[in-house]
Amino acid sequence: MALTPEQVLNKHFQTTQFRRGYEERDVDDFLDEVVAEMRSLIEQRDDYLKQLNDCRASKNQTAVRPEAAPVARAGDETKLGGLQAKIQDAERAFKAASERAAKARSDAESAERAAKERIERARAEAQRAEEAAKAAVDNTALNDAQAKLNGLNNEVAQAQARLTKAQEQARSAEEAARAAETRAEQARAAQ
């Protein structure tokens, strides 16, 4: 497929559902097309330049040398500014994602500490209830203590479930930070 400037200007990418930005695979595929087309154009230019120089040599004229830098066209600076703005946006998104990941990690650690404290308190209360139950001679007191022990055991199980959830959230936040860092590095590399 021959890539035209209009196609580049009019290209739209799918937006993602759970984060701000474009679908990385769509952007990468499109950039691969741009690179292939640019390489093809450069090869074609070099071939034309060789043909021109061969023709000039046959007429005893001096050869045309390729320019060291591409000729700037109208709008190139605007496009460069747009690319730089996109890179800055990617860097800001990476920074925001890193901050969110750090906050999520901190929140998860706080939740983990709180869950551990609740577990320890529940265990201590369960231990006291069990000791009280053993000391009680009355069946009613023993039944009440057993019920309280069961309730405390349930609290321990719930606290452990919250701890597991907090650890999973911390892992997810770290994965999101790594993904944002990869996108920012790719944006820098594209510059």
# chains A, B, ... in the order shown; residues from 1 in each chain; ligands from 1

call {"tool": "residues_around", "arguments": {"residues": "Glu181 (chain A)", "least_positions_apart": "2", "cutoff": "10 Å", "atoms": "only C-alpha atoms", "output": "PyMOL selection string"}}
result
chain A and resi 90-91+93-95+97-98+175-179+183-187

call {"tool": "residues_around", "arguments": {"residues": "region 162-170 of chain A", "least_positions_apart": "5", "cutoff": "6 Å", "atoms": "only C-alpha atoms", "output": "ChimeraX atom specification"}}
result
/A:105,108,112,115

call {"tool": "write_last_selection", "arguments": {"atoms": "all heavy atoms", "output": "compact mmCIF listing (two decimals), in the first residue's frame"}}
result
# COMPACT_ATOMS: atom_id res chain seq x y z
N ARG A 105 0.48 1.76 45.69
CA ARG A 105 1.39 0.92 46.46
C ARG A 105 1.35 1.33 47.94
O ARG A 105 1.26 0.49 48.83
CB ARG A 105 2.82 1.05 45.91
CG ARG A 105 3.78 0.03 46.46
CD ARG A 105 5.17 0.12 45.83
NE ARG A 105 5.15 0.07 44.38
CZ ARG A 105 5.53 1.06 43.59
NH1 ARG A 105 6.01 2.16 44.07
NH2 ARG A 105 5.46 0.93 42.27
N ALA A 108 -1.91 0.29 49.40
CA ALA A 108 -1.93 -1.16 49.61
C ALA A 108 -1.11 -1.53 50.83
O ALA A 108 -1.51 -2.40 51.62
CB ALA A 108 -1.40 -1.88 48.37
N GLU A 112 -2.48 -3.24 54.06
CA GLU A 112 -1.86 -4.48 54.53
C GLU A 112 -1.51 -4.36 56.01
O GLU A 112 -1.77 -5.28 56.79
CB GLU A 112 -0.60 -4.76 53.70
CG GLU A 112 0.06 -6.07 54.01
CD GLU A 112 1.24 -6.35 53.09
OE1 GLU A 112 1.46 -5.61 52.12
OE2 GLU A 112 1.95 -7.33 53.38
N ALA A 115 -4.70 -4.45 57.98
CA ALA A 115 -5.25 -5.81 57.99
C ALA A 115 -4.47 -6.69 58.96
O ALA A 115 -5.06 -7.47 59.72
CB ALA A 115 -5.22 -6.41 56.59

call {"tool": "residues_around", "arguments": {"residues": "Ile119 (chain A)", "least_positions_apart": "5", "cutoff": "12 Å", "atoms": "only C-alpha atoms", "output": "compact mmCIF listing (two decimals) with N, CA and C atoms, in the first residue's frame"}}
result
# COMPACT_ATOMS: atom_id res chain seq x y z
N ALA A 111 -3.13 -0.58 53.81
CA ALA A 111 -4.22 -1.55 53.99
C ALA A 111 -3.66 -2.87 54.53
N GLU A 112 -2.48 -3.24 54.06
CA GLU A 112 -1.86 -4.48 54.53
C GLU A 112 -1.51 -4.36 56.01
N ARG A 113 -0.92 -3.21 56.40
CA ARG A 113 -0.59 -3.01 57.82
C ARG A 113 -1.85 -3.04 58.68
N ALA A 114 -2.89 -2.34 58.21
CA ALA A 114 -4.15 -2.30 58.97
C ALA A 114 -4.76 -3.70 59.07
N ALA A 124 -5.83 -12.06 69.20
CA ALA A 124 -5.72 -11.84 70.64
C ALA A 124 -7.09 -11.98 71.31
N GLU A 125 -8.10 -11.39 70.66
CA GLU A 125 -9.46 -11.50 71.23
C GLU A 125 -9.93 -12.95 71.20
N ALA A 126 -9.62 -13.65 70.11
CA ALA A 126 -10.01 -15.06 70.01
C ALA A 126 -9.32 -15.87 71.10
N GLN A 127 -8.06 -15.56 71.36
CA GLN A 127 -7.32 -16.26 72.41
C GLN A 127 -7.96 -15.99 73.77
N LEU A 152 -14.99 -14.11 65.74
CA LEU A 152 -13.63 -13.58 65.61
C LEU A 152 -12.85 -14.33 64.53
N ASN A 153 -13.07 -15.64 64.44
CA ASN A 153 -12.42 -16.40 63.38
C ASN A 153 -12.88 -15.92 62.00
N ASN A 154 -14.17 -15.58 61.91
CA ASN A 154 -14.69 -15.01 60.66
C ASN A 154 -14.02 -13.67 60.34
N GLU A 155 -13.84 -12.84 61.36
CA GLU A 155 -13.16 -11.56 61.16
C GLU A 155 -11.73 -11.77 60.68
N VAL A 156 -11.07 -12.77 61.25
CA VAL A 156 -9.70 -13.08 60.82
C VAL A 156 -9.71 -13.47 59.34
N ALA A 157 -10.65 -14.31 58.94
CA ALA A 157 -10.73 -14.74 57.54
C ALA A 157 -11.01 -13.55 56.62
N GLN A 158 -11.89 -12.63 57.06
CA GLN A 158 -12.19 -11.45 56.25
C GLN A 158 -10.97 -10.54 56.14
N ALA A 159 -10.27 -10.38 57.26
CA ALA A 159 -9.07 -9.53 57.24
C ALA A 159 -8.02 -10.13 56.31
N GLN A 160 -7.88 -11.45 56.32
CA GLN A 160 -6.93 -12.09 55.42
C GLN A 160 -7.35 -11.90 53.96
N ALA A 161 -8.64 -11.94 53.68
CA ALA A 161 -9.13 -11.72 52.31
C ALA A 161 -8.83 -10.29 51.87
N ARG A 162 -9.01 -9.30 52.79
CA ARG A 162 -8.71 -7.91 52.45
C ARG A 162 -7.22 -7.73 52.20
N LEU A 163 -6.42 -8.42 52.97
CA LEU A 163 -4.97 -8.35 52.78
C LEU A 163 -4.60 -8.90 51.41

call {"tool": "atom_distance", "arguments": {"atom1": "CA of Glu99 (chain A)", "atom2": "CA of Glu23 (chain A)"}}
result
21.9 Å

call {"tool": "closest_residue", "arguments": {"among": "A:Lys148, A:Arg100, A:Arg65, A:Arg121", "to": "Ser172 (chain A)", "atoms": "only C-alpha atoms"}}
result
A:Arg100

call {"tool": "atom_distance", "arguments": {"atom1": "CA of Gln191 (chain A)", "atom2": "CA of Ala101 (chain A)"}}
result
25.7 Å

call {"tool": "atom_distance", "arguments": {"atom1": "CA of Ala96 (chain A)", "atom2": "CA of Gln84 (chain A)"}}
result
18.1 Å

call {"tool": "select_by_dssp", "arguments": {"residues": "region 23-121 of chain A", "states": "helix (DSSP H, G or I)", "output": "VMD selection string"}}
result
chain A and resid 24 to 58 76 to 121

call {"tool": "closest_residue", "arguments": {"among": "A:Ala104, A:Val35, A:Ala145, A:Ala57", "to": "Ala190 (chain A)", "atoms": "only C-alpha atoms"}}
result
A:Val35

call {"tool": "residues_around", "arguments": {"residues": "Asp26 (chain A)", "least_positions_apart": "5", "cutoff": "12 Å", "atoms": "only C-alpha atoms", "output": "PyMOL selection string"}}
result
chain A and resi 11-16+21+31-33

call {"tool": "closest_residue", "arguments": {"among": "A:Glu117, A:Ala129, A:Glu109, A:Thr140", "to": "Arg171 (chain A)", "atoms": "only C-alpha atoms"}}
result
A:Glu109

call {"tool": "residues_around", "arguments": {"residues": "Leu52 (chain A)", "least_positions_apart": "2", "cutoff": "12 Å", "atoms": "only C-alpha atoms", "output": "ChimeraX atom specification"}}
result
/A:45-50,54-59,61-66
